[in-house]
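Okay, so here's the structure we're looking at.
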Amino acid sequence: MEDADFMAAVDRHYLGLVQRLTLVLHDAEEAKDVAQEAYLRAFQAWHRFEGTNTRAWLHTIGVRLAFNALQRRRLWDRWLRTRPRDESWVEPERVDLWRALGDLRPELRAALLLNVLDGYTQTEIAGILDVPAGTVAWWVTSAKAQMRSILADEPSE
Amino acid sequence: MTSDDRLRAELEALEQSAPSDLPPRPSLPRRRPWGRIWAPAAVTVAIGVLVGVVATEGYGYLRSGGSPGPSSISSSASPSALPAENRLTWSVTPFPDTGALLVAISAVDGRLIVTGNGDGRPAAWLSDDGGASWQPADVGLSGSDLTESMGPLIEVDGRLISIGHRVTGENDADSTQVTWASSDGGMSWTPARLLDVAGVVSRITSGGPGLVAVGTADSDSGVPGVPLGAVWMSPDGDTWTRAPADPTFEGASLRGVAENNGLLIAVGLVLGDRILPGAWTSRDPLVWEPVSLPTEVGAASDVVADARGAFVAVGYETDGSTTRPMAWRSSDGLVWQQVPLEGEAPDMTAERVASGTHGFVAIGSSSSGYQPFVWYAAAGADHGSTQNVDRRLLDVVALDDTFIAIGDCGPSGDCSPTLITGRASTPTSPTVPSPTPPETPAPTSTLSDGPLISIPTQAPFVRDQNGVLFCNEALLSGRLVAHPQWGIAVEGGLVFWPNGYVGRIAGDRIELLDDKGRVVARTGDQIEAGGGQATINGLDGFAVCPGVSRVQPAEP
């Protein structure tokens with residue numbers, strides 16, 4: 001019964017999680033792997049979940065897992081040439097945005113998305129990513145500045 | 001549409017166009033048979049702290065800045081609302097090693113020890129005269145190509161142990177914790193050695209077998225992706241043992257620890273769908289019991305004990321959109337009382353707390369890292385006062401009746417290391433200048449004399465759409481008038497004053513006071529100020545920029 005409760009509460013956020021992790025990881029394939037992992041971890045922790053915002057909780061687990069994955073990737077990237085990341089799904093008018101997102105350091109990207117898309121305060125992001133609030137402030141400010149420079153080059157709708 | 005709105009819209013569109021071919025949901029394993037673990041209670045006991053301004057005589061510049069000698073910090077606490085013993089006089093002095101990166105300050109047997117990094121090397125500095133003069137310690141190097149920084153230190157069995165970091169890797173991405181030891185009171189330190197813990201140590205205290213450290217562990221039995229609070233113990237600072245994983249630490253990040261009369265208190269946060277402040281107690285320190293902090297959403301970042309056995313923890317609470325600094329008091333470590341620390345800017349948090357013979361000091365800042373403040377509560381007092389400073393504060397320690405904080409960057413971008421010293425002082429009645437009869441017709445005010453009024457203020461750093469600091473020397477001039485909605489405005493336009501500015505009713509005029517509590521203008525005055533047009537919180541107006549501008553009476 002509890003498993004059914006979990007699936008009823010979490011399944012509807014699964015697609016959103018995969019899409020969010022695609023942006024965080026800048027890799028649609030890796031996002032699926034991490035989303036599966038997050039789903040599993042969320043289930044293991046479900047009996048301790050007492051909140052009401054299942055989406056935020058699931059995304060928090062996913063982003064933290066992605067954050068760890070990015071740190072591991074940074075280590076591996078020193079030794080291995082990574083496969084080119086598929087961007088065929090990106091709409092032509094947003095290719096520059098997608099690439100600019102990929103140019104951000106991973107931690108800046110994660111902080112930016114938590115702030116801009118989820119509306120977390122910088123202090124909350126600091127708690128989620130386990131880094132000082134001042135560091136998050138710098139990440140978000142830098143990320144926004146870089147992304148805005150891309151948007152500034154594009155005609156406004 | 002603002003640039004933030006457009007960025008959000010573009011990112012949302014990008015996210016929603018991401019591939020939607022879902023991976024299969026993983027098979028759900030059989031569940032472990034344990035129940036729900038933590039359930040922080042939500043009992044709020046609020047004690048207000050009034051915030052006002054101590055006025056001094058005369059007109060003042062917007063910001064003095066750049067003075068090499070000591071400078072003062074004025075209280076932002078209403079003198080009429082605070083008892084005399086609840087105030088400190090703060091002074092700011094440059095740290096002698098101008099190239100140092102300061103990390104922590106400690107007091108051991110009357111000696112102040114600042115640790116950090118100097119000229120790219122791990123470094124420590126000692127002062128035996130309360131911070132008036134400093135001498136560098138001899139710190140052994142563990143390698144010439146390593147970047148290391150000393151950190152917080154503690155005394156155990158006659159030795160000092162400092163826990164710091166060794167940074168390696170691309171973009172300094174990898175950080176390893178290391179320790180230094182000193183057997184001569186901090187004069188000389190052995191080369192760093194790796195700290196043998198699987199995790200990140202946040203704070204350390206005396207207790208248990210000698211030392212007790214708290215932090216966040218590398219996950220083992222816990223859920224990867226969710227923090228796991230951890231406790232380590234050491235008899236000597238050299239060898240460490242992790243306490244058995246406590247189920248109440250799942251989802252927790254431990255940020256502070258203190259000990260008094262054998263009772264250990266750890267504080268931190270618990271990650272749920274929101275962030276919850278957490279506190280735990282222990283006697284051994286193997287078994288921990290969670291206790292409730294009466295704040296629903298927020299986090300605790302530090303805790304300290306005083307000689308009477310009382311504990312004070314600091315952190316923040318949040319409503320999901322803004323945060324405000326918070327302290328929690330407890331006489332026994334079990335029942336806690338919430339004490340809001342009123343700041344003047346949104347998104348402020350308290351980060352460190354120190355206990356001295358006369359009371360407690362907390363330091364903090366806005367979540368942007370700026371708007372630093374100090375908060376002082378006399379011993380036994382049930383409230384305190386906040387004061388703004390213009391340097392980012394990093395750590396604070398008590399030495400008898402004096403508090404010494406270390407800081408670095410100020411709003412002008414000057415990041416030279418700084419000492420901020422607070423001493424108990426006998427308060428004097430503020431000198432309030434007699435209002436000069438206006439030469440121009442005074443605006444009508446129906447408010448009574450004396451009270452402070454809020455006026456629209458700007459963020460300490462106003463940035464343009466490219467993130468560049470927005471400040472120009474465009475001259476804003478005009479007559480200062482009372483405004484029915486905003487308190488004070490320049491005639492014909494809304495003005496955002498620098499943060500920390502307030503208005504005060506004085507007779508039939510309204511005075512404008514700067515963040516030092518000085519009267520800089522009154523309604524009816526013709527003023528000049530540097531600034532430019534800006535939109536803040538959806539309101540268009542002129543922003544008076546900090547650091548480069550001034551408000552003064554116009555030249556006749």
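We name chains A, B, ... following the order of the structure tokens; residues begin at 1 in each chain, and ligands are numbered from 1 as shown.
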Listing only residues of chain A within 6 Å of chain B, what is the closest atom pair and its distance in Å (to one decimal) for each, using only C-alpha atoms, sorted by chain and residue number ascending, as JSON lines?
```
{"residue": "A:Gln19", "atom": "CA", "partner": "B:Ala18", "partner_atom": "CA", "distance": 5.4}
{"residue": "A:Lys32", "atom": "CA", "partner": "B:Pro23", "partner_atom": "CA", "distance": 5.8}
{"residue": "A:Arg48", "atom": "CA", "partner": "B:Arg36", "partner_atom": "CA", "distance": 4.8}
{"residue": "A:Gly51", "atom": "CA", "partner": "B:Asp273", "partner_atom": "CA", "distance": 5.6}
{"residue": "A:Asn53", "atom": "CA", "partner": "B:Asp273", "partner_atom": "CA", "distance": 5.8}
{"residue": "A:Ala56", "atom": "CA", "partner": "B:Asp273", "partner_atom": "CA", "distance": 5.6}
{"residue": "A:Trp57", "atom": "CA", "partner": "B:Asp273", "partner_atom": "CA", "distance": 4.3}
{"residue": "A:Ile61", "atom": "CA", "partner": "B:Gly225", "partner_atom": "CA", "distance": 5.4}
{"residue": "A:Arg64", "atom": "CA", "partner": "B:Gly225", "partner_atom": "CA", "distance": 5.1}
{"residue": "A:Leu65", "atom": "CA", "partner": "B:Gly225", "partner_atom": "CA", "distance": 4.7}
{"residue": "A:Val116", "atom": "CA", "partner": "B:Arg8", "partner_atom": "CA", "distance": 5.8}
{"residue": "A:Thr123", "atom": "CA", "partner": "B:Ser367", "partner_atom": "CA", "distance": 5.6}
{"residue": "A:Ala133", "atom": "CA", "partner": "B:Ser367", "partner_atom": "CA", "distance": 5.7}
{"residue": "A:Gly134", "atom": "CA", "partner": "B:Gly369", "partner_atom": "CA", "distance": 4.6}
{"residue": "A:Ala137", "atom": "CA", "partner": "B:Ser368", "partner_atom": "CA", "distance": 4.9}
{"residue": "A:Ala145", "atom": "CA", "partner": "B:Gly467", "partner_atom": "CA", "distance": 4.9}
```
Same residues, N, CA and C atoms, saved as an mmCIF file, in the first residue's frame:
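Contents of part-v2.cif, freshly written:
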```
data_model
loop_
_atom_site.group_PDB
_atom_site.id
_atom_site.type_symbol
_atom_site.label_atom_id
_atom_site.label_comp_id
_atom_site.auth_asym_id
_atom_site.auth_seq_id
_atom_site.Cartn_x
_atom_site.Cartn_y
_atom_site.Cartn_z
ATOM 1 N N GLN A 19 13.760 15.878 -17.139
ATOM 2 C CA GLN A 19 14.030 17.091 -17.921
ATOM 3 C C GLN A 19 14.892 18.073 -17.141
ATOM 4 N N LYS A 32 18.852 10.453 -17.501
ATOM 5 C CA LYS A 32 17.973 9.301 -17.268
ATOM 6 C C LYS A 32 18.551 8.382 -16.190
ATOM 7 N N ARG A 48 10.282 8.241 5.464
ATOM 8 C CA ARG A 48 10.709 9.323 6.346
ATOM 9 C C ARG A 48 10.280 10.681 5.817
ATOM 10 N N GLY A 51 6.942 15.860 4.292
ATOM 11 C CA GLY A 51 6.548 17.137 3.727
ATOM 12 C C GLY A 51 5.329 17.016 2.836
ATOM 13 N N ASN A 53 5.502 18.841 -0.388
ATOM 14 C CA ASN A 53 5.936 19.148 -1.747
ATOM 15 C C ASN A 53 6.819 18.022 -2.278
ATOM 16 N N ALA A 56 9.437 19.053 -5.019
ATOM 17 C CA ALA A 56 10.654 19.712 -4.531
ATOM 18 C C ALA A 56 11.578 18.706 -3.859
ATOM 19 N N TRP A 57 10.990 17.789 -3.114
ATOM 20 C CA TRP A 57 11.783 16.787 -2.415
ATOM 21 C C TRP A 57 12.491 15.876 -3.420
ATOM 22 N N ILE A 61 16.663 15.597 -4.174
ATOM 23 C CA ILE A 61 17.467 14.369 -4.208
ATOM 24 C C ILE A 61 18.154 14.244 -5.566
ATOM 25 N N ARG A 64 21.022 16.802 -6.002
ATOM 26 C CA ARG A 64 22.199 16.434 -5.203
ATOM 27 C C ARG A 64 22.935 15.254 -5.832
ATOM 28 N N LEU A 65 22.200 14.276 -6.319
ATOM 29 C CA LEU A 65 22.842 13.155 -7.005
ATOM 30 C C LEU A 65 23.568 13.644 -8.256
ATOM 31 N N VAL A 116 16.499 30.091 -10.436
ATOM 32 C CA VAL A 116 15.633 30.710 -11.444
ATOM 33 C C VAL A 116 14.363 29.895 -11.690
ATOM 34 N N THR A 123 20.184 30.956 0.207
ATOM 35 C CA THR A 123 20.464 30.243 1.445
ATOM 36 C C THR A 123 19.938 28.816 1.380
ATOM 37 N N ALA A 133 26.579 29.939 1.827
ATOM 38 C CA ALA A 133 25.631 30.811 1.124
ATOM 39 C C ALA A 133 26.355 31.834 0.250
ATOM 40 N N GLY A 134 27.478 32.328 0.743
ATOM 41 C CA GLY A 134 28.219 33.306 -0.048
ATOM 42 C C GLY A 134 28.705 32.708 -1.361
ATOM 43 N N ALA A 137 25.824 32.624 -3.700
ATOM 44 C CA ALA A 137 25.548 33.968 -4.214
ATOM 45 C C ALA A 137 26.442 34.262 -5.410
ATOM 46 N N ALA A 145 24.826 36.376 -15.024
ATOM 47 C CA ALA A 145 25.532 37.333 -15.879
ATOM 48 C C ALA A 145 25.912 36.679 -17.206
#
```
Exercise. Identify all residues of chain A in helix (DSSP H, G or I) (DSSP on the backbone) and supply them as a ChimeraX atom specification.
Key: /A:2-25,28-48,54-77,92-103,106-116,122-129,133-153
Write out, as a compact mmCIF listing (two decimals), in the first residue's frame, the residues just selected, with C-alpha atoms.
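Ended up saving to part.txt:
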```
# COMPACT_ATOMS: atom_id res chain seq x y z
CA GLU A 2 2.84 2.32 0.89
CA ASP A 3 4.51 1.49 -2.42
CA ALA A 4 1.33 2.53 -4.20
CA ASP A 5 1.30 5.75 -2.21
CA PHE A 6 4.85 6.43 -3.27
CA MET A 7 4.18 5.81 -6.93
CA ALA A 8 1.03 7.90 -6.84
CA ALA A 9 2.89 10.82 -5.31
CA VAL A 10 6.16 10.60 -7.19
CA ASP A 11 5.43 9.18 -10.64
CA ARG A 12 3.82 12.35 -11.92
CA HIS A 13 7.03 14.24 -11.21
CA TYR A 14 9.28 11.72 -12.92
CA LEU A 15 9.24 13.32 -16.37
CA GLY A 16 9.92 16.75 -14.90
CA LEU A 17 12.82 15.31 -12.96
CA VAL A 18 14.38 13.80 -16.08
CA GLN A 19 14.03 17.09 -17.92
CA ARG A 20 15.46 19.07 -15.04
CA LEU A 21 18.43 16.73 -14.75
CA THR A 22 18.99 17.06 -18.48
CA LEU A 23 19.68 20.73 -17.91
CA VAL A 24 21.67 20.24 -14.73
CA LEU A 25 23.88 17.54 -16.22
CA ALA A 28 19.98 13.78 -21.65
CA GLU A 29 21.32 10.24 -21.39
CA GLU A 30 23.08 10.74 -18.09
CA ALA A 31 19.97 12.50 -16.82
CA LYS A 32 17.97 9.30 -17.27
CA ASP A 33 20.48 7.33 -15.25
CA VAL A 34 20.52 9.83 -12.42
CA ALA A 35 16.73 10.13 -12.48
CA GLN A 36 16.43 6.38 -12.03
CA GLU A 37 18.84 6.56 -9.15
CA ALA A 38 16.94 9.45 -7.60
CA TYR A 39 13.66 7.59 -7.96
CA LEU A 40 15.12 4.62 -6.16
CA ARG A 41 16.64 6.72 -3.40
CA ALA A 42 13.41 8.60 -2.97
CA PHE A 43 11.58 5.33 -2.50
CA GLN A 44 14.09 4.21 0.12
CA ALA A 45 13.53 7.46 2.00
CA TRP A 46 9.79 7.66 1.39
CA HIS A 47 8.77 6.42 4.84
CA ARG A 48 10.71 9.32 6.35
CA THR A 54 6.89 15.85 -3.28
CA ARG A 55 8.22 17.48 -6.42
CA ALA A 56 10.65 19.71 -4.53
CA TRP A 57 11.78 16.79 -2.41
CA LEU A 58 12.33 14.53 -5.45
CA HIS A 59 14.14 17.28 -7.32
CA THR A 60 16.36 17.99 -4.32
CA ILE A 61 17.47 14.37 -4.21
CA GLY A 62 17.97 14.38 -7.97
CA VAL A 63 19.99 17.59 -8.04
CA ARG A 64 22.20 16.43 -5.20
CA LEU A 65 22.84 13.16 -7.00
CA ALA A 66 23.55 15.10 -10.18
CA PHE A 67 25.90 17.35 -8.28
CA ASN A 68 27.82 14.32 -7.08
CA ALA A 69 27.79 12.90 -10.62
CA LEU A 70 29.20 16.14 -11.97
CA GLN A 71 32.05 16.02 -9.49
CA ARG A 72 32.83 12.45 -10.49
CA ARG A 73 32.62 13.42 -14.16
CA ARG A 74 35.12 16.21 -13.61
CA LEU A 75 37.57 13.67 -12.28
CA TRP A 76 37.00 11.22 -15.14
CA ASP A 77 37.12 13.92 -17.79
CA PRO A 92 17.17 25.64 -33.18
CA GLU A 93 16.29 28.92 -31.53
CA ARG A 94 17.56 27.64 -28.20
CA VAL A 95 20.79 25.98 -29.26
CA ASP A 96 22.80 28.99 -28.11
CA LEU A 97 21.05 28.93 -24.76
CA TRP A 98 21.69 25.20 -24.40
CA ARG A 99 25.37 25.61 -25.25
CA ALA A 100 25.72 28.59 -22.94
CA LEU A 101 24.22 26.47 -20.19
CA GLY A 102 26.79 23.82 -20.98
CA ASP A 103 29.59 26.36 -20.79
CA PRO A 106 28.40 22.54 -13.25
CA GLU A 107 27.95 24.07 -9.83
CA LEU A 108 26.91 27.38 -11.38
CA ARG A 109 24.43 25.56 -13.59
CA ALA A 110 22.87 23.67 -10.68
CA ALA A 111 22.59 26.80 -8.54
CA LEU A 112 21.15 28.83 -11.41
CA LEU A 113 18.41 26.32 -12.15
CA LEU A 114 17.46 25.93 -8.50
CA ASN A 115 17.24 29.70 -8.17
CA VAL A 116 15.63 30.71 -11.44
CA GLN A 122 20.45 31.36 -2.16
CA THR A 123 20.46 30.24 1.45
CA GLU A 124 18.21 27.30 0.66
CA ILE A 125 20.44 26.35 -2.27
CA ALA A 126 23.41 26.47 0.07
CA GLY A 127 21.64 23.92 2.23
CA ILE A 128 20.73 21.72 -0.71
CA LEU A 129 24.22 21.69 -2.20
CA ALA A 133 25.63 30.81 1.12
CA GLY A 134 28.22 33.31 -0.05
CA THR A 135 29.50 30.76 -2.53
CA VAL A 136 26.00 30.22 -3.89
CA ALA A 137 25.55 33.97 -4.21
CA TRP A 138 28.64 34.14 -6.37
CA TRP A 139 27.55 31.12 -8.43
CA VAL A 140 24.08 32.51 -9.11
CA THR A 141 25.32 36.00 -9.90
CA SER A 142 28.00 34.70 -12.24
CA ALA A 143 25.66 32.27 -13.94
CA LYS A 144 23.00 34.90 -14.49
CA ALA A 145 25.53 37.33 -15.88
CA GLN A 146 26.78 34.74 -18.37
CA MET A 147 23.32 33.67 -19.41
CA ARG A 148 22.04 37.20 -19.75
CA SER A 149 24.88 38.04 -22.08
CA ILE A 150 23.60 35.27 -24.35
CA LEU A 151 20.04 36.50 -24.15
CA ALA A 152 21.19 40.05 -24.79
CA ASP A 153 22.60 38.92 -28.12
```
Quiz item: Could you state the separation of atom CA of Ala350 of chain B and atom CA of Arg324 of chain B in Å, given to one decimal place?
Solution: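 Computing the Euclidean distance for atom CA of Ala350 of chain B and atom CA of Arg324 of chain B yields 8.3 Å.
One distance worth recording is that between atom CA of Ala245 of chain B and atom CA of Val178 of chain B, which is 22.8 Å.
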Self-check item: Residues near Leu399 of chain B, cut-off 7 Å, only C-alpha atoms, skip fewer than 6 positions along chain, as a list in words
Solution: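 These residues fall inside the cut-off: Ala107, Gly110 and Gly356 of chain B.
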Any chance you could export the current selection's N, CA, C and O atoms as a PDB file, in the first residue's frame?
```pdb
ATOM      1  N   ALA B 107      40.841  32.025  20.732  1.00  0.00           N
ATOM      2  CA  ALA B 107      41.477  32.569  21.930  1.00  0.00           C
ATOM      3  C   ALA B 107      41.888  31.407  22.815  1.00  0.00           C
ATOM      4  O   ALA B 107      41.052  30.573  23.174  1.00  0.00           O
ATOM      5  N   GLY B 110      44.331  33.452  26.843  1.00  0.00           N
ATOM      6  CA  GLY B 110      44.553  34.891  26.706  1.00  0.00           C
ATOM      7  C   GLY B 110      45.241  35.305  25.424  1.00  0.00           C
ATOM      8  O   GLY B 110      45.421  36.503  25.179  1.00  0.00           O
ATOM      9  N   GLY B 356      31.134  35.519  25.568  1.00  0.00           N
ATOM     10  CA  GLY B 356      32.138  36.167  26.408  1.00  0.00           C
ATOM     11  C   GLY B 356      31.614  36.329  27.816  1.00  0.00           C
ATOM     12  O   GLY B 356      30.517  35.859  28.156  1.00  0.00           O
TER      13      GLY B 356
END
```
Quiz item: In Å, how far is it from atom CA of Pro285 of chain B to atom CA of Ala305 of chain B?
Solution: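 Pair atom CA of Pro285 of chain B / atom CA of Ala305 of chain B returns 16.6 Å.
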Practice problem: Give me the residues within 10 Å of Gly99 of chain B as a PyMOL selection string, counting only C-alpha atoms and dropping any in the same chain fewer than 4 places off. | Solution: chain B and resi 95+117-120+415-417
